[in-house]
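Source file: protein-v9.cif; contents: mmCIF, C-alpha atoms.
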```cif
data_query
loop_
_atom_site.group_PDB
_atom_site.id
_atom_site.type_symbol
_atom_site.label_atom_id
_atom_site.label_comp_id
_atom_site.auth_asym_id
_atom_site.auth_seq_id
_atom_site.Cartn_x
_atom_site.Cartn_y
_atom_site.Cartn_z
ATOM 1 C CA MET A 85 128.865 183.304 -87.176
ATOM 2 C CA GLU A 86 132.202 184.979 -87.510
ATOM 3 C CA THR A 87 135.387 183.267 -88.614
ATOM 4 C CA GLY A 88 138.865 184.350 -89.511
ATOM 5 C CA SER A 89 141.352 185.372 -86.891
ATOM 6 C CA ARG A 90 139.261 183.849 -84.180
ATOM 7 C CA GLU A 91 142.311 181.761 -83.368
ATOM 8 C CA ARG A 92 143.999 184.864 -81.988
ATOM 9 C CA MET A 93 142.768 184.130 -78.520
ATOM 10 C CA ALA A 94 140.042 186.368 -77.447
ATOM 11 C CA CYS A 95 140.938 186.026 -73.837
ATOM 12 C CA LYS A 96 144.435 187.242 -74.435
ATOM 13 C CA GLY A 97 145.261 190.636 -73.095
ATOM 14 C CA LYS A 98 143.123 192.690 -70.802
ATOM 15 C CA ILE A 99 139.915 191.105 -69.631
ATOM 16 C CA GLY A 100 137.889 191.684 -65.961
ATOM 17 C CA LEU A 101 137.288 190.173 -62.617
ATOM 18 C CA HIS A 102 134.621 187.888 -61.354
ATOM 19 C CA GLY A 103 132.112 186.164 -63.551
ATOM 20 C CA LYS A 104 128.413 186.765 -63.055
ATOM 21 C CA ARG A 105 125.982 183.949 -62.486
ATOM 22 C CA LYS A 106 122.229 184.081 -62.832
ATOM 23 C CA SER A 107 120.205 182.644 -60.012
ATOM 24 C CA ILE A 108 118.815 179.550 -61.706
ATOM 25 C CA PRO A 109 118.132 176.009 -60.566
ATOM 26 C CA LYS A 110 121.064 173.618 -60.818
ATOM 27 C CA LYS A 111 120.870 171.437 -63.909
ATOM 28 C CA THR A 112 120.702 167.714 -63.506
ATOM 29 C CA GLU A 113 122.561 165.386 -65.838
ATOM 30 C CA GLU A 114 121.242 166.215 -69.275
ATOM 31 C CA VAL A 115 122.657 164.699 -72.423
ATOM 32 C CA GLY A 116 126.264 164.289 -71.343
ATOM 33 C CA MET A 117 126.464 167.916 -70.138
ATOM 34 C CA ASN A 118 127.331 170.001 -73.154
ATOM 35 C CA ILE A 119 128.765 173.513 -72.734
ATOM 36 C CA CYS A 120 127.912 176.332 -75.154
ATOM 37 C CA LEU A 121 130.081 179.473 -75.294
ATOM 38 C CA ILE A 122 128.412 182.565 -76.751
ATOM 39 C CA GLY A 123 129.767 186.064 -77.363
ATOM 40 C CA MET A 124 130.985 188.587 -79.889
ATOM 41 C CA PRO A 125 133.556 187.723 -82.550
ATOM 42 C CA SER A 126 137.059 187.780 -81.020
ATOM 43 C CA SER A 127 135.732 186.967 -77.532
ATOM 44 C CA GLY A 128 137.526 183.612 -77.608
ATOM 45 C CA LYS A 129 134.719 181.131 -78.154
ATOM 46 C CA SER A 130 136.794 178.855 -80.393
ATOM 47 C CA VAL A 131 140.139 179.180 -78.637
ATOM 48 C CA LEU A 132 138.751 178.949 -75.102
ATOM 49 C CA GLY A 133 136.334 176.268 -76.280
ATOM 50 C CA ARG A 134 139.158 174.048 -77.525
ATOM 51 C CA MET A 135 141.144 174.595 -74.316
ATOM 52 C CA LEU A 136 138.094 173.755 -72.209
ATOM 53 C CA ALA A 137 137.300 170.658 -74.282
ATOM 54 C CA ARG A 138 140.846 169.337 -73.864
ATOM 55 C CA LYS A 139 140.830 170.020 -70.122
ATOM 56 C CA ARG A 140 137.489 168.294 -69.551
ATOM 57 C CA LYS A 141 138.032 165.521 -72.129
ATOM 58 C CA MET A 142 135.107 166.672 -74.253
ATOM 59 C CA SER A 143 134.559 167.031 -78.000
ATOM 60 C CA PHE A 144 134.625 170.481 -79.598
ATOM 61 C CA LEU A 145 132.188 171.775 -82.228
ATOM 62 C CA ASP A 146 132.506 175.072 -84.090
ATOM 63 C CA LEU A 147 129.065 175.863 -85.513
ATOM 64 C CA ASP A 148 130.439 178.184 -88.201
ATOM 65 C CA THR A 149 132.664 175.390 -89.475
ATOM 66 C CA LEU A 150 129.685 173.026 -89.505
ATOM 67 C CA ILE A 151 127.641 175.530 -91.547
ATOM 68 C CA GLN A 152 130.519 176.011 -93.998
ATOM 69 C CA ASN A 153 131.068 172.257 -94.339
ATOM 70 C CA ASN A 154 127.356 171.654 -94.907
ATOM 71 C CA SER A 155 127.126 174.350 -97.583
ATOM 72 C CA GLY A 156 130.580 174.038 -99.122
ATOM 73 C CA LYS A 157 130.866 177.847 -98.901
ATOM 74 C CA LEU A 158 132.536 180.443 -96.694
ATOM 75 C CA LEU A 159 130.275 182.441 -94.385
ATOM 76 C CA ARG A 160 130.804 185.656 -96.353
ATOM 77 C CA GLU A 161 129.804 183.798 -99.533
ATOM 78 C CA ILE A 162 126.610 182.547 -97.899
ATOM 79 C CA ILE A 163 125.792 186.070 -96.715
ATOM 80 C CA ALA A 164 126.503 187.483 -100.187
ATOM 81 C CA GLU A 165 124.179 184.928 -101.803
ATOM 82 C CA GLU A 166 121.442 184.562 -99.188
ATOM 83 C CA GLY A 167 121.565 187.978 -97.531
ATOM 84 C CA ARG A 168 121.823 188.582 -93.804
ATOM 85 C CA GLU A 169 118.343 187.256 -93.035
ATOM 86 C CA GLY A 170 118.926 184.163 -95.148
ATOM 87 C CA PHE A 171 122.141 183.421 -93.322
ATOM 88 C CA LEU A 172 120.484 183.891 -89.926
ATOM 89 C CA ARG A 173 117.803 181.362 -90.910
ATOM 90 C CA ILE A 174 120.467 178.805 -91.860
ATOM 91 C CA GLU A 175 122.346 179.464 -88.620
ATOM 92 C CA GLU A 176 119.201 179.147 -86.509
ATOM 93 C CA GLU A 177 118.178 175.897 -88.192
ATOM 94 C CA THR A 178 121.661 174.442 -87.708
ATOM 95 C CA GLY A 179 121.730 175.415 -84.033
ATOM 96 C CA ALA A 180 118.183 174.209 -83.370
ATOM 97 C CA SER A 181 118.889 170.778 -84.869
ATOM 98 C CA LEU A 182 122.090 170.032 -82.932
ATOM 99 C CA PHE A 183 122.125 166.782 -80.970
ATOM 100 C CA VAL A 184 125.513 166.195 -79.358
ATOM 101 C CA GLU A 185 126.820 164.861 -76.065
ATOM 102 C CA ASN A 186 129.819 165.785 -73.926
ATOM 103 C CA THR A 187 130.683 168.593 -76.346
ATOM 104 C CA VAL A 188 131.844 172.197 -76.062
ATOM 105 C CA ILE A 189 129.831 174.138 -78.667
ATOM 106 C CA ALA A 190 131.081 177.432 -80.098
ATOM 107 C CA PRO A 191 128.406 179.093 -82.268
ATOM 108 C CA GLY A 192 128.957 182.275 -84.255
ATOM 109 C CA GLY A 193 128.201 185.630 -82.666
ATOM 110 C CA SER A 194 124.850 186.046 -84.440
ATOM 111 C CA ILE A 195 123.346 182.834 -83.002
ATOM 112 C CA CYS A 196 121.684 185.062 -80.377
ATOM 113 C CA TYR A 197 119.167 186.232 -83.016
ATOM 114 C CA GLY A 198 117.789 182.722 -83.450
ATOM 115 C CA GLU A 199 115.396 182.210 -80.555
ATOM 116 C CA ARG A 200 114.622 178.612 -81.537
ATOM 117 C CA ALA A 201 118.325 177.787 -81.650
ATOM 118 C CA MET A 202 119.024 179.499 -78.327
ATOM 119 C CA ARG A 203 116.133 177.769 -76.540
ATOM 120 C CA HIS A 204 117.394 174.439 -77.873
ATOM 121 C CA LEU A 205 120.958 175.182 -76.757
ATOM 122 C CA GLN A 206 119.655 176.102 -73.292
ATOM 123 C CA LYS A 207 118.036 172.658 -73.114
ATOM 124 C CA ILE A 208 121.068 170.648 -74.196
ATOM 125 C CA ALA A 209 123.925 172.729 -72.753
ATOM 126 C CA LYS A 210 125.120 175.107 -70.084
ATOM 127 C CA VAL A 211 125.171 178.426 -71.948
ATOM 128 C CA ILE A 212 128.041 180.731 -70.938
ATOM 129 C CA PHE A 213 128.525 184.297 -72.188
ATOM 130 C CA LEU A 214 132.131 185.407 -72.756
ATOM 131 C CA HIS A 215 131.868 189.152 -72.177
ATOM 132 C CA LEU A 216 134.650 191.184 -73.777
ATOM 133 C CA PRO A 217 134.713 194.991 -73.340
ATOM 134 C CA TYR A 218 133.805 196.882 -76.527
ATOM 135 C CA GLU A 219 137.158 198.654 -76.925
ATOM 136 C CA GLU A 220 139.072 195.359 -76.777
ATOM 137 C CA MET A 221 136.639 193.639 -79.134
ATOM 138 C CA GLU A 222 136.907 196.489 -81.664
ATOM 139 C CA LYS A 223 140.709 196.277 -81.528
ATOM 140 C CA ARG A 224 140.781 192.531 -82.160
ATOM 141 C CA ILE A 225 138.014 192.121 -84.703
ATOM 142 C CA GLY A 226 139.770 193.851 -87.610
ATOM 143 C CA ASP A 227 137.599 194.050 -90.725
ATOM 144 C CA PRO A 228 134.072 192.871 -89.775
ATOM 145 C CA VAL A 229 133.207 192.071 -93.409
ATOM 146 C CA LYS A 230 136.217 189.789 -93.851
ATOM 147 C CA ARG A 231 135.241 187.997 -90.656
ATOM 148 C CA GLY A 232 131.752 187.413 -92.010
ATOM 149 C CA VAL A 233 130.033 189.614 -89.420
ATOM 150 C CA ALA A 234 126.442 190.327 -90.466
ATOM 151 C CA ILE A 235 125.928 193.980 -89.523
ATOM 152 C CA PRO A 236 122.407 195.290 -90.266
ATOM 153 C CA GLU A 237 122.196 198.225 -92.653
ATOM 154 C CA GLY A 238 122.570 201.503 -90.787
ATOM 155 C CA PHE A 239 124.197 199.831 -87.766
ATOM 156 C CA THR A 240 127.660 200.633 -86.445
ATOM 157 C CA LEU A 241 129.821 197.971 -84.799
ATOM 158 C CA LYS A 242 128.984 199.598 -81.440
ATOM 159 C CA ASP A 243 125.247 199.310 -82.175
ATOM 160 C CA LEU A 244 125.720 195.642 -82.979
ATOM 161 C CA TYR A 245 127.757 195.066 -79.799
ATOM 162 C CA GLU A 246 125.085 196.640 -77.590
ATOM 163 C CA GLU A 247 122.205 194.818 -79.270
ATOM 164 C CA ARG A 248 123.906 191.432 -79.058
ATOM 165 C CA THR A 249 125.166 191.903 -75.497
ATOM 166 C CA ALA A 250 121.568 192.250 -74.267
ATOM 167 C CA LEU A 251 120.630 189.013 -76.067
ATOM 168 C CA TYR A 252 123.673 187.100 -74.794
ATOM 169 C CA GLN A 253 122.780 188.121 -71.243
ATOM 170 C CA LYS A 254 119.184 187.041 -71.802
ATOM 171 C CA TYR A 255 120.134 183.486 -72.746
ATOM 172 C CA ALA A 256 123.257 182.801 -70.655
ATOM 173 C CA GLU A 257 123.168 181.164 -67.254
ATOM 174 C CA TYR A 258 126.614 182.541 -66.460
ATOM 175 C CA THR A 259 128.688 185.501 -67.685
ATOM 176 C CA LEU A 260 132.471 185.363 -67.676
ATOM 177 C CA GLU A 261 133.873 188.898 -67.466
ATOM 178 C CA GLU A 262 137.024 188.597 -69.554
ATOM 179 C CA GLY A 263 138.361 192.091 -68.834
ATOM 180 C CA ASN A 264 142.157 191.837 -68.617
ATOM 181 C CA ARG A 265 142.514 188.133 -67.961
ATOM 182 C CA THR A 266 144.774 185.808 -69.880
ATOM 183 C CA ALA A 267 143.384 182.759 -71.659
ATOM 184 C CA GLU A 268 144.584 180.550 -68.818
ATOM 185 C CA GLU A 269 142.857 182.739 -66.225
ATOM 186 C CA CYS A 270 139.633 182.650 -68.237
ATOM 187 C CA LEU A 271 139.880 178.872 -68.438
ATOM 188 C CA LEU A 272 140.467 178.579 -64.698
ATOM 189 C CA GLU A 273 137.415 180.716 -63.962
ATOM 190 C CA LEU A 274 135.284 178.615 -66.306
ATOM 191 C CA MET A 275 136.501 175.424 -64.643
ATOM 192 C CA ARG A 276 135.666 176.819 -61.202
ATOM 193 C CA TYR A 277 132.159 177.690 -62.302
ATOM 194 C CA LEU A 278 131.517 174.354 -64.004
ATOM 195 C CA ASP A 279 132.798 172.436 -61.001
ATOM 196 C CA SER A 280 130.392 174.361 -58.763
ATOM 197 C CA VAL A 281 127.188 173.496 -60.660
#
```

Can the structure from this file be put into structure tokens for me?
Amino acid sequence: METGSRERMACKGKIGLHGKRKSIPKKTEEVGMNICLIGMPSSGKSVLGRMLARKRKMSFLDLDTLIQNNSGKLLREIIAEEGREGFLRIEEETGASLFVENTVIAPGGSICYGERAMRHLQKIAKVIFLHLPYEEMEKRIGDPVKRGVAIPEGFTLKDLYEERTALYQKYAEYTLEEGNRTAEECLLELMRYLDSV
């Protein structure tokens, strides 16, 4: 659910080696094979998502933008008015009601808290976790509040990172270790994985 300087490519700079794949059955052709990229703010969901969509001739959907367009408000305004829990409900409902085809979906980082949304995304898309090391994420994220990051009271950014990472891993069928890869290297690895399933 984070916006802002997302466009500063998350995959830029130092990112890791081989991706990790869960042992799951190969998906058959479901609704035009959507792809859903999940991960922390600044992990490159929007930037990599747009690159991937262009490469595979797919549409691109940023869930945060959809929420903002639907409400006519910025994410931080929604959080200020509805509270963190209220925002998470809106985000979950938006994710759970998505029906798209041949689309790369980039939800906000907090989508992992919405089980109904995540189960729906697993049904309609290949869910891929973009895993960015904490130190790099902290460097890129800047001011979490300005980005609209909903941090629970009493949580540090590190607490949030660890909590969300466990949830991303729970729902993803594949983890791309971004480590010190460039955006192009991340894209190439994603393409290799998608061509193999």

List every residue of range 134-225 of chain A that has an atom at most 7 Å from any atom of range 252-259 of chain A, giving for each one its closest atom pair and the distance in Å to one decimal, counting all atoms listed in the file, sorted by chain and then by ascending residue number, as JSON lines.
```
{"residue": "A:Cys196", "atom": "CA", "partner": "A:Tyr252", "partner_atom": "CA", "distance": 6.3}
{"residue": "A:Met202", "atom": "CA", "partner": "A:Tyr255", "partner_atom": "CA", "distance": 6.9}
{"residue": "A:Lys210", "atom": "CA", "partner": "A:Glu257", "partner_atom": "CA", "distance": 7.0}
{"residue": "A:Val211", "atom": "CA", "partner": "A:Ala256", "partner_atom": "CA", "distance": 4.9}
{"residue": "A:Ile212", "atom": "CA", "partner": "A:Tyr258", "partner_atom": "CA", "distance": 5.0}
{"residue": "A:Phe213", "atom": "CA", "partner": "A:Thr259", "partner_atom": "CA", "distance": 4.7}
{"residue": "A:Leu214", "atom": "CA", "partner": "A:Thr259", "partner_atom": "CA", "distance": 6.1}
{"residue": "A:His215", "atom": "CA", "partner": "A:Thr259", "partner_atom": "CA", "distance": 6.6}
```

Discussion item. List as a PyMOL selection string the protein and nucleic acid residues near Thr149 in chain A, meaning an atom at most 9 Å away when all atoms listed in the file are counted, but skip any in the same chain fewer than 4 places from it.
Written reply: chain A and resi 87+145+153-154+158-159

Worksheet item: Using the chain letters and numbers from the file, which residues does the PyMOL selection byres ((chain A and resi 205) around 9) grab, as an MDAnalysis selection string?
Response: chainID A and resid 118:120 179:180 182 200:204 206:211

Worksheet entry | Residue among A:Pro125, A:Gly167, A:Gly133, A:Gly192 lying closest to Gly226 in chain A, counting all atoms listed in the file | A:Pro125

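In this model, the gap between CA of Phe144 in chain A and CA of Arg160 in chain A comes to 22.9 Å.
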